[in-house]
$ cat model_31.tsv   # TSV, C-alpha atoms and all ligand atoms
chain	number	residue	atom	x	y	z
A	65	MET	CA	0.00	0.00	0.00
A	66	ASP	CA	1.46	3.39	-0.90
A	67	VAL	CA	1.87	6.13	1.66
A	68	LEU	CA	-1.00	8.33	0.45
A	69	ASP	CA	-3.42	5.41	0.49
A	70	ALA	CA	-2.22	4.51	3.99
A	71	MET	CA	-2.87	8.10	5.13
A	72	LYS	CA	-6.40	8.05	3.70
A	73	ASP	CA	-7.20	4.57	4.92
A	74	ARG	CA	-5.94	4.86	8.52
A	75	HIS	CA	-8.59	4.97	11.22
A	76	SER	CA	-8.38	4.35	14.92
A	77	CYS	CA	-9.17	0.71	15.67
A	78	ARG	CA	-11.08	0.03	18.89
A	79	ALA	CA	-11.47	-3.76	18.75
A	80	PHE	CA	-8.57	-6.09	17.97
A	81	THR	CA	-8.34	-9.80	17.29
A	82	ARG	CA	-6.12	-11.89	19.56
A	83	ARG	CA	-3.65	-12.54	16.71
A	84	PRO	CA	-0.21	-11.56	18.01
A	85	VAL	CA	2.06	-9.21	16.07
A	86	GLU	CA	5.47	-10.73	15.41
A	87	ARG	CA	8.39	-8.98	17.05
A	88	GLU	CA	10.09	-8.47	13.64
A	89	ILE	CA	7.04	-6.53	12.39
A	90	ILE	CA	7.02	-4.29	15.46
A	91	GLU	CA	10.75	-3.70	14.99
A	92	GLU	CA	10.17	-2.76	11.33
A	93	LEU	CA	7.36	-0.41	12.36
A	94	LEU	CA	9.61	1.29	14.93
A	95	ARG	CA	12.51	1.54	12.45
A	96	LEU	CA	10.23	3.24	9.90
A	97	SER	CA	8.82	5.58	12.57
A	98	GLY	CA	12.35	6.49	13.64
A	99	LEU	CA	12.95	7.95	10.15
A	100	ALA	CA	10.88	10.95	11.30
A	101	PRO	CA	12.65	14.31	11.48
A	102	SER	CA	13.53	15.80	14.86
A	103	ALA	CA	15.06	19.07	16.05
A	104	ILE	CA	18.85	18.93	15.56
A	105	ASN	CA	18.35	15.18	15.02
A	106	LEU	CA	18.01	14.67	18.78
A	107	GLN	CA	15.51	11.82	18.27
A	108	PRO	CA	14.30	12.45	21.81
A	109	TRP	CA	11.68	9.69	21.76
A	110	GLU	CA	11.86	6.50	23.80
A	111	CYS	CA	9.46	3.58	23.77
A	112	THR	CA	8.56	0.55	25.86
A	113	VAL	CA	6.82	-2.30	24.02
A	114	VAL	CA	4.37	-4.30	26.13
A	115	LEU	CA	3.09	-7.60	24.76
A	116	GLY	CA	0.36	-10.14	25.36
A	117	GLU	CA	-0.37	-11.12	28.93
A	118	GLU	CA	1.81	-8.33	30.37
A	119	LEU	CA	-0.36	-5.80	28.54
A	120	ARG	CA	-3.52	-7.41	29.93
A	121	ARG	CA	-1.99	-7.29	33.43
A	122	LEU	CA	-1.22	-3.58	32.97
A	123	GLY	CA	-4.79	-3.06	31.71
A	124	ARG	CA	-6.27	-4.73	34.78
A	125	SER	CA	-4.22	-2.60	37.13
A	126	LEU	CA	-5.27	0.58	35.28
A	127	GLN	CA	-8.95	-0.46	35.41
A	128	LYS	CA	-8.71	-0.62	39.19
A	129	THR	CA	-7.30	2.90	39.31
A	130	LEU	CA	-9.99	4.15	36.90
A	131	LYS	CA	-12.59	3.23	39.51
A	132	GLU	CA	-10.72	5.21	42.18
A	133	ARG	CA	-9.53	8.20	40.13
A	134	GLN	CA	-12.17	8.52	37.40
A	135	ALA	CA	-9.66	10.13	35.01
A	136	THR	CA	-11.52	9.69	31.72
A	137	CYS	CA	-11.19	10.64	28.03
A	138	GLY	CA	-11.90	14.32	27.41
A	139	PRO	CA	-10.33	17.48	26.01
A	140	GLU	CA	-8.70	18.48	29.36
A	141	GLU	CA	-9.01	22.17	28.49
A	142	ARG	CA	-6.94	24.76	30.40
A	143	LYS	CA	-9.52	27.47	29.64
A	144	PRO	CA	-12.99	27.17	28.08
A	145	LEU	CA	-12.52	25.98	24.50
A	146	ALA	CA	-13.99	27.73	21.47
A	147	GLU	CA	-17.35	26.34	20.40
A	148	VAL	CA	-15.89	24.74	17.26
A	149	PHE	CA	-14.00	22.15	19.31
A	150	GLY	CA	-17.09	21.07	21.21
A	151	ARG	CA	-18.87	20.70	17.87
A	152	ARG	CA	-16.14	18.51	16.39
A	153	MET	CA	-16.04	16.35	19.50
A	154	SER	CA	-19.78	15.83	19.51
A	155	GLU	CA	-19.84	15.05	15.76
A	156	ALA	CA	-17.40	12.21	16.40
A	157	GLY	CA	-19.45	11.09	19.41
A	158	GLN	CA	-22.67	11.10	17.39
A	159	ARG	CA	-21.10	8.71	14.89
A	160	MET	CA	-19.63	6.51	17.58
A	161	ALA	CA	-22.71	6.14	19.81
A	162	PRO	CA	-24.92	4.06	17.44
A	163	LEU	CA	-22.05	1.68	16.66
A	164	LEU	CA	-21.47	1.10	20.37
A	165	ALA	CA	-25.22	0.72	20.92
A	166	GLU	CA	-25.10	-2.14	18.36
A	167	MET	CA	-22.50	-3.71	20.64
A	168	GLY	CA	-24.74	-3.21	23.68
A	169	THR	CA	-22.53	-0.57	25.27
A	170	ASP	CA	-21.97	3.21	25.36
A	171	ILE	CA	-19.15	5.72	24.94
A	172	PRO	CA	-18.14	6.30	28.59
A	173	THR	CA	-18.07	2.58	29.36
A	174	TYR	CA	-16.45	1.28	26.19
A	175	VAL	CA	-13.97	4.07	25.55
A	176	ASN	CA	-12.70	4.57	29.09
A	177	GLN	CA	-12.40	0.89	29.96
A	178	GLY	CA	-11.31	-0.12	26.45
A	179	THR	CA	-8.63	2.54	26.24
A	180	LEU	CA	-7.03	1.41	29.49
A	181	ASP	CA	-6.84	-2.15	28.12
A	182	PHE	CA	-5.45	-0.94	24.76
A	183	TYR	CA	-8.74	-2.27	23.33
A	184	GLY	CA	-7.53	-5.84	23.72
A	185	ALA	CA	-4.62	-5.32	21.29
A	186	PRO	CA	-1.77	-7.83	21.43
A	187	ALA	CA	0.84	-5.05	21.57
A	188	GLY	CA	0.98	-1.73	23.38
A	189	LEU	CA	3.66	0.87	22.73
A	190	VAL	CA	4.31	3.53	25.33
A	191	PHE	CA	6.21	6.60	24.10
A	192	TYR	CA	7.96	9.14	26.30
A	193	ILE	CA	10.80	11.64	26.36
A	194	ASP	CA	13.32	12.41	29.06
A	195	ALA	CA	12.13	15.14	31.43
A	196	ALA	CA	15.44	16.97	30.85
A	197	HIS	CA	14.04	18.05	27.45
A	198	PRO	CA	11.80	21.10	27.20
A	199	GLU	CA	8.11	20.28	26.76
A	200	ARG	CA	8.24	21.31	23.10
A	201	ARG	CA	10.30	18.18	22.32
A	202	LEU	CA	6.97	16.35	22.64
A	203	VAL	CA	6.32	17.77	19.16
A	204	ASP	CA	9.20	15.62	17.88
A	205	ALA	CA	7.61	12.56	19.47
A	206	GLY	CA	4.32	13.59	17.85
A	207	ILE	CA	5.96	13.65	14.42
A	208	LEU	CA	7.35	10.15	15.02
A	209	LEU	CA	3.88	9.03	16.04
A	210	GLY	CA	2.38	10.43	12.84
A	211	TYR	CA	4.88	8.36	10.87
A	212	LEU	CA	4.03	5.33	13.00
A	213	PHE	CA	0.27	5.47	12.41
A	214	VAL	CA	0.72	5.68	8.64
A	215	ALA	CA	3.51	3.08	8.47
A	216	ALA	CA	1.44	0.68	10.56
A	217	ARG	CA	-1.45	0.94	8.11
A	218	ALA	CA	0.91	0.37	5.18
A	219	LEU	CA	2.24	-2.76	6.95
A	220	GLY	CA	-1.32	-4.07	7.32
A	221	LEU	CA	-1.59	-3.28	11.03
A	222	ALA	CA	-4.32	-1.42	12.89
A	223	THR	CA	-3.61	1.14	15.62
A	224	CYS	CA	-5.34	3.28	18.19
A	225	PRO	CA	-3.71	6.27	19.88
A	226	ILE	CA	-4.12	5.79	23.62
A	227	GLY	CA	-3.94	9.27	25.12
A	228	LEU	CA	-5.89	8.53	28.28
A	229	ILE	CA	-2.94	6.63	29.75
A	230	THR	CA	-0.93	9.85	30.06
A	231	GLN	CA	-3.19	10.59	33.04
A	232	TYR	CA	-1.91	7.36	34.60
A	233	ALA	CA	1.75	7.90	33.67
A	234	ASP	CA	3.11	7.42	37.21
A	235	GLN	CA	1.42	4.05	37.60
A	236	ILE	CA	2.47	2.88	34.12
A	237	PHE	CA	6.11	3.92	34.53
A	238	ASP	CA	6.14	2.11	37.85
A	239	PHE	CA	4.61	-1.04	36.32
A	240	LEU	CA	7.04	-1.01	33.37
A	241	ASN	CA	10.11	-0.07	35.42
A	242	VAL	CA	10.57	3.13	33.43
A	243	PRO	CA	12.54	5.75	35.41
A	244	ALA	CA	10.23	8.43	36.82
A	245	ASP	CA	12.14	11.30	35.14
A	246	LYS	CA	10.33	10.74	31.83
A	247	VAL	CA	7.37	12.56	30.31
A	248	MET	CA	4.82	10.35	28.62
A	249	ALA	CA	3.80	11.35	25.10
A	250	LEU	CA	1.26	8.71	24.10
A	251	GLY	CA	0.39	5.04	24.15
A	252	VAL	CA	-0.46	3.17	20.96
A	253	ALA	CA	-2.43	-0.06	20.61
A	254	VAL	CA	-1.13	-2.17	17.73
A	255	GLY	CA	-2.62	-5.33	16.24
A	256	TYR	CA	-5.08	-6.66	13.70
A	257	PRO	CA	-8.62	-5.28	13.53
A	258	ASP	CA	-11.66	-7.29	14.52
A	259	GLU	CA	-13.55	-6.66	11.29
A	260	SER	CA	-16.79	-7.93	12.82
A	261	ALA	CA	-16.85	-5.24	15.55
A	262	PRO	CA	-19.29	-2.42	14.64
A	263	ILE	CA	-17.05	0.19	16.32
A	264	ASN	CA	-14.39	-0.43	13.67
A	265	ARG	CA	-16.79	0.94	11.04
A	266	LEU	CA	-16.38	4.40	12.61
A	267	VAL	CA	-15.14	7.08	10.21
A	268	THR	CA	-14.71	10.49	11.79
A	269	PRO	CA	-15.28	13.65	9.71
A	270	ARG	CA	-12.65	16.32	9.04
A	271	ALA	CA	-13.07	20.06	8.84
A	272	LEU	CA	-12.52	21.71	5.46
A	273	ILE	CA	-9.13	23.42	5.33
A	274	GLU	CA	-10.97	26.76	5.01
A	275	GLU	CA	-11.99	26.28	8.65
A	276	TRP	CA	-8.45	26.17	10.02
A	277	VAL	CA	-6.11	27.72	7.42
A	278	ARG	CA	-5.37	31.44	6.99
A	279	TRP	CA	-3.48	32.84	4.03
A	280	TYR	CA	-1.47	35.98	4.66
B	301	LIG	C1	-3.17	12.43	21.09
B	301	LIG	C2	-4.34	11.51	20.86
B	301	LIG	C3	-4.91	10.86	21.95
B	301	LIG	C4	-5.97	9.96	21.76
B	301	LIG	N1	-6.45	9.26	22.82
B	301	LIG	C5	-7.42	8.33	22.61
B	301	LIG	C6	-7.86	7.53	23.71
B	301	LIG	O1	-7.36	7.64	24.83
B	301	LIG	N2	-8.85	6.64	23.46
B	301	LIG	C7	-9.40	6.48	22.22
B	301	LIG	O2	-10.29	5.64	22.06
B	301	LIG	N3	-8.98	7.22	21.16
B	301	LIG	C8	-8.00	8.13	21.34
B	301	LIG	N4	-7.54	8.88	20.27
B	301	LIG	C9	-8.12	8.66	18.94
B	301	LIG	C10	-8.99	9.83	18.48
B	301	LIG	O3	-10.22	9.79	19.13
B	301	LIG	C11	-9.13	9.74	16.96
B	301	LIG	O4	-7.86	9.88	16.38
B	301	LIG	C12	-10.06	10.81	16.37
B	301	LIG	O5	-11.37	10.66	16.84
B	301	LIG	C13	-10.05	10.76	14.85
B	301	LIG	O6	-10.46	9.47	14.41
B	301	LIG	P1	-9.52	8.56	13.51
B	301	LIG	O7	-8.23	8.34	14.23
B	301	LIG	O8	-10.29	7.27	13.34
B	301	LIG	O9	-9.29	9.26	12.21
B	301	LIG	C14	-6.51	9.77	20.45
B	301	LIG	C15	-5.92	10.44	19.37
B	301	LIG	C16	-4.84	11.27	19.56
B	301	LIG	C17	-4.19	11.93	18.37

$ encode --input "model_31.tsv" --output "structure tokens"
Amino acid sequence: MDVLDAMKDRHSCRAFTRRPVEREIIEELLRLSGLAPSAINLQPWECTVVLGEELRRLGRSLQKTLKERQATCGPEERKPLAEVFGRRMSEAGQRMAPLLAEMGTDIPTYVNQGTLDFYGAPAGLVFYIDAAHPERRLVDAGILLGYLFVAARALGLATCPIGLITQYADQIFDFLNVPADKVMALGVAVGYPDESAPINRLVTPRALIEEWVRWY
């Protein structure tokens, strides 16, 4: 699959089959992602790969904390957000809700619990940078992640960005023996899509470029 088709065809996958992803494929995916540009070629990103039963164990421990902490998926705004963002979020929600209803569940239940279990994926990738870097180095990690999502699609893999786990970074670093002086960028679920799951039919809309581009 060529890169433009992979960009157009990539969607977040929220139900995976149990089929494991071979280590060689994950290594290839990470090598391709590492071709991303970075400021002064620092390549500040680091990653821990969590597989199979270890990922399920991590998921179970995060589910317990979810009950105590109730840190859930949301925009986490610092100040009230402009109306346009609420509209985009609810458009995505309106498309997601009927698919989850077909599965006998709803957004808060499925997304919060599913996210913390990497939606049952066989592989979870946790990306972070050293806390010695300024926060803006997270942009470099973001560029790597953009490469990763597209490369994964081209390799026939499905992914879901797992942002909610950044709210549980301390617990995850502890579980994975990652030194505490790291800043988590994102988790990524990687695997093969369960084509029979209605939620995987979700296609989210995009704003026209006229809505977010200015010419000067
Ligand atoms: C930084 C970031 C964090 C995200 N966190 C989550 C998450 O925690 N759970 C989830 O189900 N989806 C998560 N997503 C997926 C978005 O909801 C999804 O990308 C968006 O709705 C657009 O849909 P698409 O990826 O299918 O094109 C995240 C995406 C990004 C870029």

$ atom_distance --input "model_31.tsv" --atom1 "CA of Arg142 (chain A)" --atom2 "CA of Asp238 (chain A)"
27.2 Å

$ residues_near_ligand --input "model_31.tsv" --ligand "ligand LIG 301 (chain B)" --cutoff "8 Å" --atoms "all atoms listed in the file" --output "list in words"
Arg74, His75, Ser76, Cys77, Arg78, Cys137, Met153, Ala156, Val175, Asn176, Gly178, Thr179, Leu180, Cys224, Pro225, Ile226, Gly227, Leu228, Ile229, Leu250, Leu266, Val267, Thr268 and Pro269 of chain A

$ residues_around --input "model_31.tsv" --residues "Gly210 (chain A)" --least-positions-apart "4" --cutoff "10 Å" --atoms "all atoms listed in the file" --output "PyMOL selection string"
chain A and resi 71+97+100+204-206+214-215

$ atom_distance --input "model_31.tsv" --atom1 "CA of Leu219 (chain A)" --atom2 "CA of Ser102 (chain A)"
23.1 Å

$ closest_residue --input "model_31.tsv" --among "A:Gly116, A:Gly123, A:Leu99, A:Phe239" --to "Thr81 (chain A)" --atoms "all atoms listed in the file"
A:Gly116

$ closest_residue --input "model_31.tsv" --among "A:Gly184, A:Arg124, A:Val277, A:Val114" --to "Ile90 (chain A)" --atoms "all atoms listed in the file"
A:Val114

$ atom_distance --input "model_31.tsv" --atom1 "CA of Leu221 (chain A)" --atom2 "CA of Pro172 (chain A)"
26.0 Å

$ closest_residue --input "model_31.tsv" --among "A:Leu240, A:Leu119, A:Ala161, A:Ala218" --to "Val252 (chain A)" --atoms "all atoms listed in the file"
A:Leu119

$ closest_residue --input "model_31.tsv" --among "A:Phe80, A:Pro198, A:Cys111, A:Ala253" --to "Ala216 (chain A)" --atoms "only C-alpha atoms"
A:Ala253

$ closest_residue --input "model_31.tsv" --among "A:Ala233, A:Met248, A:Ile273, A:Leu212" --to "Leu126 (chain A)" --atoms "all atoms listed in the file"
A:Ala233

$ closest_residue --input "model_31.tsv" --among "A:Thr223, A:Gln235, A:Asn105, A:Ser154" --to "Gln127 (chain A)" --atoms "only C-alpha atoms"
A:Gln235

$ residues_near_point --input "model_31.tsv" --point "(-5.5, 1.4, 2.0)" --cutoff "8 Å" --atoms "all atoms listed in the file" --output "compact mmCIF listing (two decimals) with C-alpha atoms, keeping the file's coordinate frame"
# COMPACT_ATOMS: atom_id res chain seq x y z
CA MET A 65 0.00 0.00 0.00
CA ASP A 66 1.46 3.39 -0.90
CA ASP A 69 -3.42 5.41 0.49
CA ALA A 70 -2.22 4.51 3.99
CA MET A 71 -2.87 8.10 5.13
CA LYS A 72 -6.40 8.05 3.70
CA ASP A 73 -7.20 4.57 4.92
CA ARG A 74 -5.94 4.86 8.52
CA ARG A 217 -1.45 0.94 8.11
CA ALA A 218 0.91 0.37 5.18

$ residues_near_point --input "model_31.tsv" --point "(9.1, 9.2, 27.9)" --cutoff "12 Å" --atoms "all atoms listed in the file" --output "PDB file with C-alpha atoms, in the frame of the given file"
ATOM      1  CA  GLN A 107      15.510  11.820  18.270  1.00  0.00           C
ATOM      2  CA  PRO A 108      14.300  12.450  21.810  1.00  0.00           C
ATOM      3  CA  TRP A 109      11.680   9.690  21.760  1.00  0.00           C
ATOM      4  CA  GLU A 110      11.860   6.500  23.800  1.00  0.00           C
ATOM      5  CA  CYS A 111       9.460   3.580  23.770  1.00  0.00           C
ATOM      6  CA  THR A 112       8.560   0.550  25.860  1.00  0.00           C
ATOM      7  CA  LEU A 189       3.660   0.870  22.730  1.00  0.00           C
ATOM      8  CA  VAL A 190       4.310   3.530  25.330  1.00  0.00           C
ATOM      9  CA  PHE A 191       6.210   6.600  24.100  1.00  0.00           C
ATOM     10  CA  TYR A 192       7.960   9.140  26.300  1.00  0.00           C
ATOM     11  CA  ILE A 193      10.800  11.640  26.360  1.00  0.00           C
ATOM     12  CA  ASP A 194      13.320  12.410  29.060  1.00  0.00           C
ATOM     13  CA  ALA A 195      12.130  15.140  31.430  1.00  0.00           C
ATOM     14  CA  ALA A 196      15.440  16.970  30.850  1.00  0.00           C
ATOM     15  CA  HIS A 197      14.040  18.050  27.450  1.00  0.00           C
ATOM     16  CA  GLU A 199       8.110  20.280  26.760  1.00  0.00           C
ATOM     17  CA  ARG A 201      10.300  18.180  22.320  1.00  0.00           C
ATOM     18  CA  LEU A 202       6.970  16.350  22.640  1.00  0.00           C
ATOM     19  CA  ASP A 204       9.200  15.620  17.880  1.00  0.00           C
ATOM     20  CA  ALA A 205       7.610  12.560  19.470  1.00  0.00           C
ATOM     21  CA  GLY A 206       4.320  13.590  17.850  1.00  0.00           C
ATOM     22  CA  THR A 230      -0.930   9.850  30.060  1.00  0.00           C
ATOM     23  CA  ALA A 233       1.750   7.900  33.670  1.00  0.00           C
ATOM     24  CA  ASP A 234       3.110   7.420  37.210  1.00  0.00           C
ATOM     25  CA  ILE A 236       2.470   2.880  34.120  1.00  0.00           C
ATOM     26  CA  PHE A 237       6.110   3.920  34.530  1.00  0.00           C
ATOM     27  CA  LEU A 240       7.040  -1.010  33.370  1.00  0.00           C
ATOM     28  CA  ASN A 241      10.110  -0.070  35.420  1.00  0.00           C
ATOM     29  CA  VAL A 242      10.570   3.130  33.430  1.00  0.00           C
ATOM     30  CA  PRO A 243      12.540   5.750  35.410  1.00  0.00           C
ATOM     31  CA  ALA A 244      10.230   8.430  36.820  1.00  0.00           C
ATOM     32  CA  ASP A 245      12.140  11.300  35.140  1.00  0.00           C
ATOM     33  CA  LYS A 246      10.330  10.740  31.830  1.00  0.00           C
ATOM     34  CA  VAL A 247       7.370  12.560  30.310  1.00  0.00           C
ATOM     35  CA  MET A 248       4.820  10.350  28.620  1.00  0.00           C
ATOM     36  CA  ALA A 249       3.800  11.350  25.100  1.00  0.00           C
ATOM     37  CA  LEU A 250       1.260   8.710  24.100  1.00  0.00           C
ATOM     38  CA  GLY A 251       0.390   5.040  24.150  1.00  0.00           C
TER      39      GLY A 251
END

$ decode --input "model_31.tsv" --residues "region 190-215 of chain A" --atoms "N, CA and C atoms" --output "PDB file, in the first residue's frame"
ATOM      1  N   VAL A 190       4.404   2.340  24.476  1.00  0.00           N
ATOM      2  CA  VAL A 190       4.309   3.531  25.332  1.00  0.00           C
ATOM      3  C   VAL A 190       5.486   4.438  24.977  1.00  0.00           C
ATOM      4  N   PHE A 191       5.181   5.653  24.540  1.00  0.00           N
ATOM      5  CA  PHE A 191       6.213   6.602  24.097  1.00  0.00           C
ATOM      6  C   PHE A 191       6.403   7.700  25.131  1.00  0.00           C
ATOM      7  N   TYR A 192       7.658   8.084  25.322  1.00  0.00           N
ATOM      8  CA  TYR A 192       7.957   9.138  26.298  1.00  0.00           C
ATOM      9  C   TYR A 192       9.267   9.807  25.910  1.00  0.00           C
ATOM     10  N   ILE A 193       9.515  10.941  26.544  1.00  0.00           N
ATOM     11  CA  ILE A 193      10.798  11.636  26.361  1.00  0.00           C
ATOM     12  C   ILE A 193      11.397  11.870  27.739  1.00  0.00           C
ATOM     13  N   ASP A 194      12.689  12.130  27.779  1.00  0.00           N
ATOM     14  CA  ASP A 194      13.324  12.414  29.056  1.00  0.00           C
ATOM     15  C   ASP A 194      12.861  13.783  29.550  1.00  0.00           C
ATOM     16  N   ALA A 195      12.629  13.881  30.858  1.00  0.00           N
ATOM     17  CA  ALA A 195      12.127  15.137  31.427  1.00  0.00           C
ATOM     18  C   ALA A 195      13.166  16.254  31.342  1.00  0.00           C
ATOM     19  N   ALA A 196      14.418  15.922  31.014  1.00  0.00           N
ATOM     20  CA  ALA A 196      15.436  16.967  30.848  1.00  0.00           C
ATOM     21  C   ALA A 196      15.158  17.810  29.599  1.00  0.00           C
ATOM     22  N   HIS A 197      14.395  17.281  28.655  1.00  0.00           N
ATOM     23  CA  HIS A 197      14.044  18.047  27.451  1.00  0.00           C
ATOM     24  C   HIS A 197      12.974  19.077  27.796  1.00  0.00           C
ATOM     25  N   PRO A 198      12.940  20.194  27.037  1.00  0.00           N
ATOM     26  CA  PRO A 198      11.797  21.102  27.200  1.00  0.00           C
ATOM     27  C   PRO A 198      10.538  20.409  26.675  1.00  0.00           C
ATOM     28  N   GLU A 199       9.382  20.908  27.150  1.00  0.00           N
ATOM     29  CA  GLU A 199       8.112  20.282  26.763  1.00  0.00           C
ATOM     30  C   GLU A 199       7.914  20.252  25.248  1.00  0.00           C
ATOM     31  N   ARG A 200       8.486  21.259  24.551  1.00  0.00           N
ATOM     32  CA  ARG A 200       8.237  21.310  23.098  1.00  0.00           C
ATOM     33  C   ARG A 200       8.851  20.131  22.355  1.00  0.00           C
ATOM     34  N   ARG A 201       9.758  19.384  22.971  1.00  0.00           N
ATOM     35  CA  ARG A 201      10.297  18.176  22.320  1.00  0.00           C
ATOM     36  C   ARG A 201       9.219  17.112  22.143  1.00  0.00           C
ATOM     37  N   LEU A 202       8.086  17.273  22.862  1.00  0.00           N
ATOM     38  CA  LEU A 202       6.968  16.348  22.640  1.00  0.00           C
ATOM     39  C   LEU A 202       6.464  16.450  21.200  1.00  0.00           C
ATOM     40  N   VAL A 203       6.700  17.628  20.578  1.00  0.00           N
ATOM     41  CA  VAL A 203       6.318  17.768  19.163  1.00  0.00           C
ATOM     42  C   VAL A 203       7.097  16.750  18.325  1.00  0.00           C
ATOM     43  N   ASP A 204       8.392  16.584  18.636  1.00  0.00           N
ATOM     44  CA  ASP A 204       9.199  15.620  17.881  1.00  0.00           C
ATOM     45  C   ASP A 204       8.615  14.211  18.022  1.00  0.00           C
ATOM     46  N   ALA A 205       8.226  13.882  19.238  1.00  0.00           N
ATOM     47  CA  ALA A 205       7.608  12.564  19.467  1.00  0.00           C
ATOM     48  C   ALA A 205       6.302  12.467  18.679  1.00  0.00           C
ATOM     49  N   GLY A 206       5.580  13.579  18.602  1.00  0.00           N
ATOM     50  CA  GLY A 206       4.318  13.592  17.854  1.00  0.00           C
ATOM     51  C   GLY A 206       4.548  13.335  16.368  1.00  0.00           C
ATOM     52  N   ILE A 207       5.660  13.864  15.844  1.00  0.00           N
ATOM     53  CA  ILE A 207       5.956  13.647  14.423  1.00  0.00           C
ATOM     54  C   ILE A 207       6.273  12.163  14.201  1.00  0.00           C
ATOM     55  N   LEU A 208       7.072  11.600  15.108  1.00  0.00           N
ATOM     56  CA  LEU A 208       7.354  10.153  15.020  1.00  0.00           C
ATOM     57  C   LEU A 208       6.041   9.361  15.053  1.00  0.00           C
ATOM     58  N   LEU A 209       5.135   9.766  15.911  1.00  0.00           N
ATOM     59  CA  LEU A 209       3.879   9.029  16.039  1.00  0.00           C
ATOM     60  C   LEU A 209       3.050   9.123  14.755  1.00  0.00           C
ATOM     61  N   GLY A 210       3.073  10.285  14.119  1.00  0.00           N
ATOM     62  CA  GLY A 210       2.376  10.429  12.836  1.00  0.00           C
ATOM     63  C   GLY A 210       2.924   9.438  11.814  1.00  0.00           C
ATOM     64  N   TYR A 211       4.258   9.352  11.752  1.00  0.00           N
ATOM     65  CA  TYR A 211       4.879   8.359  10.870  1.00  0.00           C
ATOM     66  C   TYR A 211       4.384   6.956  11.237  1.00  0.00           C
ATOM     67  N   LEU A 212       4.369   6.695  12.528  1.00  0.00           N
ATOM     68  CA  LEU A 212       4.030   5.334  12.995  1.00  0.00           C
ATOM     69  C   LEU A 212       2.617   4.920  12.572  1.00  0.00           C
ATOM     70  N   PHE A 213       1.649   5.837  12.735  1.00  0.00           N
ATOM     71  CA  PHE A 213       0.265   5.468  12.405  1.00  0.00           C
ATOM     72  C   PHE A 213       0.130   5.132  10.915  1.00  0.00           C
ATOM     73  N   VAL A 214       0.819   5.910  10.085  1.00  0.00           N
ATOM     74  CA  VAL A 214       0.717   5.679   8.644  1.00  0.00           C
ATOM     75  C   VAL A 214       1.489   4.419   8.251  1.00  0.00           C
ATOM     76  N   ALA A 215       2.700   4.270   8.802  1.00  0.00           N
ATOM     77  CA  ALA A 215       3.512   3.081   8.472  1.00  0.00           C
ATOM     78  C   ALA A 215       2.787   1.807   8.911  1.00  0.00           C
TER      79      ALA A 215
END
